[in-house]
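This is final-v9.cif (mmCIF, C-alpha atoms).
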data_coords
#
loop_
_atom_site.label_atom_id
_atom_site.label_comp_id
_atom_site.auth_asym_id
_atom_site.auth_seq_id
_atom_site.Cartn_x
_atom_site.Cartn_y
_atom_site.Cartn_z
CA MET J 1 0.00 0.00 0.00
CA SER J 2 1.56 3.24 -1.12
CA THR J 3 -0.33 6.10 0.50
CA THR J 4 -2.58 6.16 3.51
CA LYS J 5 -6.25 6.47 2.69
CA LYS J 6 -8.45 8.89 4.52
CA THR J 7 -11.95 8.63 5.96
CA ASN J 8 -13.74 11.78 7.07
CA ILE J 9 -17.07 11.76 8.83
CA ILE J 10 -19.13 14.77 9.79
CA LEU J 11 -21.28 13.93 12.79
CA PHE J 12 -24.03 16.54 12.77
CA SER J 13 -26.68 14.46 14.53
CA GLY J 14 -27.03 14.09 18.25
CA ASP J 15 -28.87 10.78 18.15
CA TYR J 16 -27.47 7.68 19.81
CA ASP J 17 -28.14 5.46 16.79
CA LYS J 18 -26.68 7.84 14.22
CA ALA J 19 -23.61 8.49 16.35
CA MET J 20 -23.21 4.74 16.73
CA ALA J 21 -23.24 4.30 12.96
CA ALA J 22 -20.63 7.05 12.61
CA TYR J 23 -18.35 5.54 15.24
CA ILE J 24 -18.68 1.99 13.90
CA ILE J 25 -17.64 3.19 10.43
CA ALA J 26 -14.82 5.25 11.94
CA ASN J 27 -13.45 2.34 13.96
CA GLY J 28 -13.78 0.04 10.97
CA ALA J 29 -11.91 2.53 8.79
CA ALA J 30 -9.14 2.70 11.38
CA ALA J 31 -8.88 -1.08 11.13
CA TYR J 32 -8.47 -0.52 7.38
CA ASP J 33 -5.45 1.62 8.28
CA HIS J 34 -7.20 4.77 7.14
CA GLU J 35 -6.41 8.08 8.72
CA VAL J 36 -9.79 8.83 10.27
CA THR J 37 -11.34 12.12 11.33
CA ILE J 38 -14.75 12.66 12.88
CA PHE J 39 -15.78 16.28 12.69
CA HIS J 40 -18.47 16.98 15.33
CA THR J 41 -20.76 19.89 14.72
CA PHE J 42 -24.13 21.06 16.09
CA TRP J 43 -25.90 18.24 17.96
CA GLY J 44 -23.06 15.86 17.27
CA LEU J 45 -21.00 17.79 19.83
CA ASN J 46 -23.10 16.17 22.56
CA ALA J 47 -21.33 12.88 21.87
CA LEU J 48 -18.12 14.47 23.14
CA ARG J 49 -19.57 15.92 26.35
CA LYS J 50 -18.31 14.65 29.68
CA ASP J 51 -21.12 12.96 31.55
CA GLU J 52 -20.59 14.97 34.72
CA GLN J 53 -21.50 18.60 35.26
CA VAL J 54 -18.50 20.85 34.75
CA ASP J 55 -18.35 24.15 36.60
CA VAL J 56 -17.85 26.85 33.99
CA GLN J 57 -18.89 30.46 33.74
CA LYS J 58 -21.54 31.06 31.10
CA GLY J 59 -24.56 33.16 30.24
CA PHE J 60 -28.21 32.29 30.83
CA LEU J 61 -28.98 31.08 27.30
CA GLU J 62 -25.85 28.95 27.17
CA LYS J 63 -26.73 27.42 30.53
CA MET J 64 -30.21 26.56 29.27
CA PHE J 65 -28.78 24.97 26.13
CA GLY J 66 -26.45 22.92 28.27
CA LYS J 67 -29.31 21.69 30.44
CA MET J 68 -31.60 20.82 27.54
CA MET J 69 -29.08 18.77 25.58
CA PRO J 70 -27.87 15.30 26.52
CA ARG J 71 -24.76 15.37 28.67
CA GLY J 72 -22.58 12.80 26.97
CA ALA J 73 -22.96 9.96 24.49
CA ASP J 74 -24.77 7.60 26.82
CA LYS J 75 -27.61 10.07 27.41
CA MET J 76 -28.45 10.68 23.75
CA GLY J 77 -31.84 9.68 22.40
CA LEU J 78 -32.77 7.63 19.35
CA SER J 79 -33.65 9.20 15.98
CA ASN J 80 -36.62 6.83 15.81
CA MET J 81 -38.72 5.14 18.46
CA ASN J 82 -37.25 7.27 21.24
CA MET J 83 -40.55 7.13 23.14
CA ALA J 84 -39.55 9.65 25.79
CA GLY J 85 -36.45 7.71 26.72
CA MET J 86 -37.92 4.20 26.67
CA GLY J 87 -36.37 3.48 23.26
CA PRO J 88 -32.74 3.96 24.33
CA LYS J 89 -33.31 1.76 27.40
CA MET J 90 -34.75 -0.98 25.22
CA ILE J 91 -32.07 -0.81 22.57
CA LYS J 92 -29.28 -0.87 25.16
CA LYS J 93 -30.80 -4.03 26.59
CA VAL J 94 -30.93 -5.64 23.15
CA MET J 95 -27.37 -4.46 22.42
CA LYS J 96 -26.14 -6.18 25.57
CA LYS J 97 -27.89 -9.37 24.52
CA HIS J 98 -26.21 -9.28 21.10
CA ASN J 99 -22.88 -8.22 22.54
CA THR J 100 -22.84 -5.00 20.54
CA THR J 101 -20.36 -2.35 21.62
CA SER J 102 -21.98 0.63 23.35
CA LEU J 103 -21.51 4.15 22.04
CA PRO J 104 -19.28 5.31 24.94
CA ALA J 105 -17.09 2.23 24.40
CA LEU J 106 -16.94 2.94 20.65
CA ILE J 107 -15.78 6.49 21.38
CA GLU J 108 -13.13 5.23 23.78
CA MET J 109 -12.00 2.74 21.16
CA ALA J 110 -11.84 5.51 18.57
CA GLN J 111 -9.47 7.42 20.83
CA MET J 112 -7.38 4.28 21.36
CA GLN J 113 -7.18 3.80 17.59
CA GLU J 114 -5.97 7.40 17.32
CA ILE J 115 -8.96 8.60 15.38
CA ASN J 116 -8.88 12.37 15.15
CA LEU J 117 -11.90 13.70 17.06
CA VAL J 118 -12.62 17.26 16.05
CA ALA J 119 -15.10 19.67 17.59
CA CYS J 120 -16.40 22.53 15.47
CA GLN J 121 -15.42 25.70 17.30
CA MET J 122 -18.18 27.78 15.74
CA THR J 123 -20.99 25.53 17.01
CA MET J 124 -19.18 25.18 20.36
CA ASP J 125 -19.62 28.93 20.72
CA LEU J 126 -23.22 28.84 19.46
CA LEU J 127 -24.33 26.16 21.88
CA GLY J 128 -22.22 27.62 24.67
CA PHE J 129 -19.85 24.68 25.18
CA GLN J 130 -16.44 25.22 26.69
CA LYS J 131 -13.46 22.94 26.20
CA ALA J 132 -13.55 21.82 29.84
CA GLU J 133 -16.99 20.30 29.23
CA LEU J 134 -15.78 18.01 26.47
CA LEU J 135 -13.60 14.89 26.61
CA ASP J 136 -9.81 15.24 26.62
CA ASP J 137 -7.72 15.03 23.46
CA ILE J 138 -10.20 16.76 21.19
CA THR J 139 -9.04 18.98 18.36
CA TYR J 140 -10.86 22.29 17.87
CA ALA J 141 -11.20 23.48 14.29
CA GLY J 142 -13.40 24.94 11.60
CA VAL J 143 -14.53 24.42 8.05
CA ALA J 144 -11.08 24.89 6.51
CA ALA J 145 -9.57 22.11 8.58
CA TYR J 146 -12.41 19.83 7.59
CA LEU J 147 -12.04 20.68 3.89
CA ALA J 148 -8.30 20.12 4.02
CA ASP J 149 -8.99 16.57 5.23
CA ALA J 150 -11.99 16.01 3.00
CA GLU J 151 -10.53 17.17 -0.30
CA ASP J 152 -8.24 14.20 -0.43
CA GLY J 153 -10.50 11.89 1.49
CA ASN J 154 -11.43 8.50 0.09
CA VAL J 155 -14.54 8.15 2.21
CA ASN J 156 -16.54 11.24 3.13
CA LEU J 157 -19.76 10.96 5.09
CA PHE J 158 -22.27 13.35 6.61
CA ILE J 159 -24.29 11.76 9.37
CA MET E 160 5.57 -19.97 9.45
CA ASN E 161 3.52 -19.50 12.61
CA THR E 162 -0.19 -19.76 13.16
CA THR E 163 -1.78 -17.55 15.81
CA VAL E 164 -5.34 -18.10 17.00
CA LEU E 165 -7.73 -15.21 17.63
CA ASP E 166 -11.04 -15.93 19.34
CA VAL E 167 -13.69 -13.27 18.72
CA LYS E 168 -16.70 -15.53 19.21
CA GLY E 169 -19.78 -13.66 20.44
CA MET E 170 -18.45 -10.28 19.38
CA ALA E 171 -20.49 -8.08 17.04
CA CYS E 172 -19.44 -5.64 14.33
CA PRO E 173 -17.04 -3.81 14.35
CA MET E 174 -15.08 -5.77 16.99
CA PRO E 175 -14.02 -8.80 14.89
CA ILE E 176 -12.33 -6.54 12.32
CA ILE E 177 -10.67 -4.34 14.93
CA LYS E 178 -9.34 -7.33 16.88
CA THR E 179 -8.16 -9.02 13.67
CA LYS E 180 -6.32 -5.89 12.62
CA LYS E 181 -4.63 -5.60 16.03
CA SER E 182 -3.59 -9.24 16.01
CA ILE E 183 -2.20 -9.23 12.49
CA GLN E 184 -0.05 -6.18 13.31
CA ASP E 185 2.04 -8.30 15.64
CA LEU E 186 2.66 -11.03 13.05
CA ASN E 187 5.40 -11.33 10.44
CA THR E 188 4.69 -11.46 6.72
CA GLY E 189 3.70 -15.00 5.78
CA ASP E 190 2.39 -15.86 9.24
CA VAL E 191 -1.17 -17.08 9.46
CA LEU E 192 -3.88 -15.76 11.74
CA GLU E 193 -6.68 -18.18 12.57
CA VAL E 194 -9.83 -16.23 13.46
CA HIS E 195 -12.83 -17.81 15.17
CA THR E 196 -16.02 -15.77 14.93
CA THR E 197 -19.77 -16.18 15.28
CA ASP E 198 -20.53 -12.96 13.39
CA GLN E 199 -22.41 -13.99 10.26
CA GLY E 200 -21.30 -10.78 8.53
CA ALA E 201 -17.67 -11.75 8.99
CA VAL E 202 -17.34 -13.79 5.78
CA ALA E 203 -17.86 -10.68 3.67
CA ASP E 204 -16.18 -8.37 6.20
CA LEU E 205 -12.96 -10.28 6.76
CA SER E 206 -12.59 -11.17 3.08
CA ALA E 207 -12.93 -7.51 2.05
CA TRP E 208 -10.64 -6.33 4.82
CA ALA E 209 -7.94 -8.86 3.97
CA LYS E 210 -8.06 -7.95 0.27
CA SER E 211 -7.76 -4.24 0.99
CA GLY E 212 -4.83 -4.75 3.35
CA GLY E 213 -2.96 -7.05 0.97
CA HIS E 214 -3.50 -10.18 3.07
CA GLU E 215 -4.66 -13.52 1.75
CA VAL E 216 -7.64 -15.50 3.02
CA VAL E 217 -6.23 -19.01 2.70
CA ASP E 218 -9.46 -20.71 3.65
CA HIS E 219 -12.60 -20.40 5.74
CA LYS E 220 -15.10 -22.89 7.03
CA GLU E 221 -18.28 -22.84 9.05
CA GLU E 222 -19.09 -25.39 11.71
CA ASP E 223 -21.85 -25.23 14.35
CA GLY E 224 -22.29 -21.50 13.77
CA VAL E 225 -18.60 -20.78 14.26
CA ILE E 226 -16.76 -19.43 11.24
CA THR E 227 -13.04 -20.05 11.11
CA PHE E 228 -10.75 -17.97 8.90
CA TRP E 229 -7.13 -18.49 8.01
CA ILE E 230 -5.54 -15.24 6.91
CA ARG E 231 -1.95 -15.07 5.72
CA LYS E 232 -0.30 -11.73 6.42
CA GLY E 233 0.83 -9.96 3.26
#
What would you get if you wrote out this structure as C-alpha cells?
Amino acid sequence: MSTTKKTNIILFSGDYDKAMAAYIIANGAAAYDHEVTIFHTFWGLNALRKDEQVDVQKGFLEKMFGKMMPRGADKMGLSNMNMAGMGPKMIKKVMKKHNTTSLPALIEMAQMQEINLVACQMTMDLLGFQKAELLDDITYAGVAAYLADAEDGNVNLFI
Amino acid sequence: MNTTVLDVKGMACPMPIIKTKKSIQDLNTGDVLEVHTTDQGAVADLSAWAKSGGHEVVDHKEEDGVITFWIRKG
C-alpha cells in the first residue's frame, strides 16, 4: 500500500443510533489503516460531552442549552422510536444481549485507535460549550480544517 | 511460518475486524492468523478487509455457527 487512505465523517446528529453508525464506520476505517477524522458539529457535539456537570462560567442562554441537551454519548436519544427515553433503554438491553459495543465504548475505542476527534469551534460557541466540558484530546477546528482533510478523502460521510 | 489463533466468538461488528487488525499487526509477513467468529457478517467483512490490506484468506469454514478464517499476512 503506497499512501494512507483517509476517511472523514461529519457527525451533525445528536442521536445515539446515528452516532453509533458514525463511530462503527470510523473504527472500521481505522482497522483498514485509514487516517480517520470525525468532525463533530451542532448536535453531534453532545457525543463528546463529559457525563458529569463541569463548573464553567456562562450566560443564561448557554446554561439553558447545556441543560436541555444530553450530557454525553450515553444520554443521547434515538432518531426513531425514542418514546420519551424508553427506546434507548430498550435498545441498550438488546445491544447487551447481542454483545454490541456501546456508544461510549466505541468512542473510547476511537481514541485508542488514534482517530482524530474534532469539535467545530463555531458551534461550540453557538451552543455555549467550553473545552472543559468536552472529553480530553479533542481537536478544535473549523470548516477549513475539515475541507483540508476532506478534499483528499477516500470516504466522506455526513451523518 | 507460525499460526496464531484469535477468538472473537460472540463479538459483534465492528469488533471482529478491529481485533483481527490488532492481532495481524504483531505477526510477520507469511504468518497465518486463525480467526474464530460467530458474526455472520464476517465472511464478507474479513474477506474484504484482507483484500484491501494485501493479506490472503487461505481458507474459511463454518461449523456449528462458528466461522473459522485463516488469513496469511501480506
Problem - Picked residues, the PyMOL selection byres ((chain J) within 9 of (chain E)), as number ranges by chain - result: J: 1, 24-25, 27-28, 30-33, 98-101
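Selection check: the PyMOL selection byres ((chain E and resi 218-228) around 9) on the shown file gives Lys168, Leu192, Glu193, Val194, His195, Thr196, Thr197, Asp198, Gln199, Ala201, Val202, Leu205, Glu215, Val216, Val217, Trp229 and Ile230 of chain E.
Taking all atoms listed in the file into account, Glu114 in chain J lies nearest to J:Val36 out of the set J:Lys6, J:Asp17, J:Val36, J:Lys75.
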What lies within 6 Å of range 54-63 of chain J using only C-alpha atoms, ignoring chain neighbours under 2 positions off, as a PDB file with C-alpha atoms, in the coordinates of the input?
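Full text of result_6.pdb as output:
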ATOM      1  CA  PHE J  65     -28.780  24.970  26.130  1.00  0.00           C
ATOM      2  CA  GLY J  66     -26.450  22.920  28.270  1.00  0.00           C
ATOM      3  CA  GLY J 128     -22.220  27.620  24.670  1.00  0.00           C
ATOM      4  CA  GLU J 133     -16.990  20.300  29.230  1.00  0.00           C
TER       5      GLU J 133
END
Practice task
Using the chain letters and residue numbers of this document, give as number ranges by chain the residues selected by the PyMOL selection byres ((chain J and resi 146-152) around 10).
Solution key: J: 5-10, 35-39, 118, 120, 141-145, 153-157
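Of note, CA of Asp166 in chain E and CA of Lys92 in chain J are spaced 24.4 Å apart.
The shortest atom-to-atom distance to Thr163 in chain E, with all atoms listed in the file taken into account, belongs to E:Val191 out of E:Gln184, E:Lys232, E:Ser206, E:Val191.
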Completion exercise
Between CA of Pro104 in chain J and CA of Phe42 in chain J lies a distance of 18.7 Å
Practice task
Take the point (-19.6, 5.9, 13.6) as written in the file and pick out every residue within 7 Å of it, counting all atoms listed in the file; give the list as a ChimeraX atom specification.
Solution key: /J:19-26
Practice task
Give me, please, the distance in Å between CA of Met83 in chain J and CA of Lys50 in chain J, quoted to one decimal.
Solution key: 24.4 Å
Practice task
Dig up all the protein and nucleic acid residues within 10 Å of (4.9, -21.5, 9.0) in the file frame, using only C-alpha atoms, and format them as a PyMOL selection string.
Solution key: chain E and resi 160-162+189-191+231
Taking the partial coordinates given, rebuild range 125-156 of chain J to contain N, CA and C atoms; return it as a compact mmCIF listing (two decimals), in the coordinates of the input.
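Output (result.txt):
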# COMPACT_ATOMS: atom_id res chain seq x y z
N ASP J 125 -19.27 27.59 20.24
CA ASP J 125 -19.62 28.93 20.72
C ASP J 125 -21.14 29.14 20.69
N LEU J 126 -21.76 28.68 19.60
CA LEU J 126 -23.22 28.84 19.46
C LEU J 126 -23.98 28.17 20.60
N LEU J 127 -23.61 26.93 20.88
CA LEU J 127 -24.33 26.16 21.88
C LEU J 127 -23.79 26.42 23.29
N GLY J 128 -22.74 27.23 23.36
CA GLY J 128 -22.22 27.62 24.67
C GLY J 128 -21.36 26.58 25.36
N PHE J 129 -20.74 25.68 24.58
CA PHE J 129 -19.85 24.68 25.18
C PHE J 129 -18.46 25.26 25.38
N GLN J 130 -17.84 24.86 26.47
CA GLN J 130 -16.44 25.22 26.69
C GLN J 130 -15.61 23.95 26.70
N LYS J 131 -14.32 24.11 26.38
CA LYS J 131 -13.46 22.94 26.20
C LYS J 131 -13.47 22.02 27.43
N ALA J 132 -13.58 22.61 28.61
CA ALA J 132 -13.55 21.82 29.84
C ALA J 132 -14.73 20.86 29.92
N GLU J 133 -15.80 21.15 29.17
CA GLU J 133 -16.99 20.30 29.23
C GLU J 133 -16.90 19.09 28.31
N LEU J 134 -15.93 19.12 27.42
CA LEU J 134 -15.78 18.01 26.47
C LEU J 134 -14.65 17.08 26.91
N LEU J 135 -14.63 15.89 26.32
CA LEU J 135 -13.60 14.89 26.61
C LEU J 135 -12.22 15.47 26.33
N ASP J 136 -11.19 14.80 26.87
CA ASP J 136 -9.81 15.24 26.62
C ASP J 136 -9.39 14.80 25.21
N ASP J 137 -8.31 15.37 24.75
CA ASP J 137 -7.72 15.03 23.46
C ASP J 137 -8.65 15.25 22.28
N ILE J 138 -9.36 16.37 22.31
CA ILE J 138 -10.20 16.76 21.19
C ILE J 138 -9.49 17.89 20.46
N THR J 139 -9.59 17.89 19.14
CA THR J 139 -9.04 18.98 18.36
C THR J 139 -10.16 19.99 18.08
N TYR J 140 -9.85 21.26 18.14
CA TYR J 140 -10.86 22.29 17.87
C TYR J 140 -10.52 22.96 16.55
N ALA J 141 -11.49 22.97 15.62
CA ALA J 141 -11.20 23.48 14.29
C ALA J 141 -12.45 23.97 13.60
N GLY J 142 -12.28 24.41 12.37
CA GLY J 142 -13.40 24.94 11.60
C GLY J 142 -13.48 24.32 10.23
N VAL J 143 -14.21 24.98 9.35
CA VAL J 143 -14.53 24.42 8.05
C VAL J 143 -13.28 24.18 7.20
N ALA J 144 -12.28 25.04 7.33
CA ALA J 144 -11.08 24.89 6.51
C ALA J 144 -10.33 23.62 6.85
N ALA J 145 -10.27 23.33 8.15
CA ALA J 145 -9.57 22.11 8.58
C ALA J 145 -10.31 20.88 8.06
N TYR J 146 -11.63 20.95 8.11
CA TYR J 146 -12.41 19.83 7.59
C TYR J 146 -12.15 19.65 6.10
N LEU J 147 -12.21 20.76 5.35
CA LEU J 147 -12.04 20.68 3.89
C LEU J 147 -10.65 20.18 3.52
N ALA J 148 -9.66 20.58 4.30
CA ALA J 148 -8.30 20.12 4.02
C ALA J 148 -8.23 18.60 4.12
N ASP J 149 -8.95 18.03 5.11
CA ASP J 149 -8.99 16.57 5.23
C ASP J 149 -9.85 15.96 4.14
N ALA J 150 -10.99 16.62 3.88
CA ALA J 150 -11.99 16.01 3.00
C ALA J 150 -11.58 16.03 1.54
N GLU J 151 -10.80 17.05 1.13
CA GLU J 151 -10.53 17.17 -0.30
C GLU J 151 -9.68 16.03 -0.83
N ASP J 152 -8.90 15.42 0.05
CA ASP J 152 -8.24 14.20 -0.43
C ASP J 152 -8.69 12.98 0.38
N GLY J 153 -9.94 13.03 0.79
CA GLY J 153 -10.50 11.89 1.49
C GLY J 153 -11.00 10.83 0.52
N ASN J 154 -10.92 9.58 0.93
CA ASN J 154 -11.43 8.50 0.09
C ASN J 154 -12.86 8.15 0.45
N VAL J 155 -13.18 8.36 1.74
CA VAL J 155 -14.54 8.15 2.21
C VAL J 155 -14.97 9.41 2.94
N ASN J 156 -16.03 10.03 2.48
CA ASN J 156 -16.54 11.24 3.13
C ASN J 156 -18.01 11.08 3.44
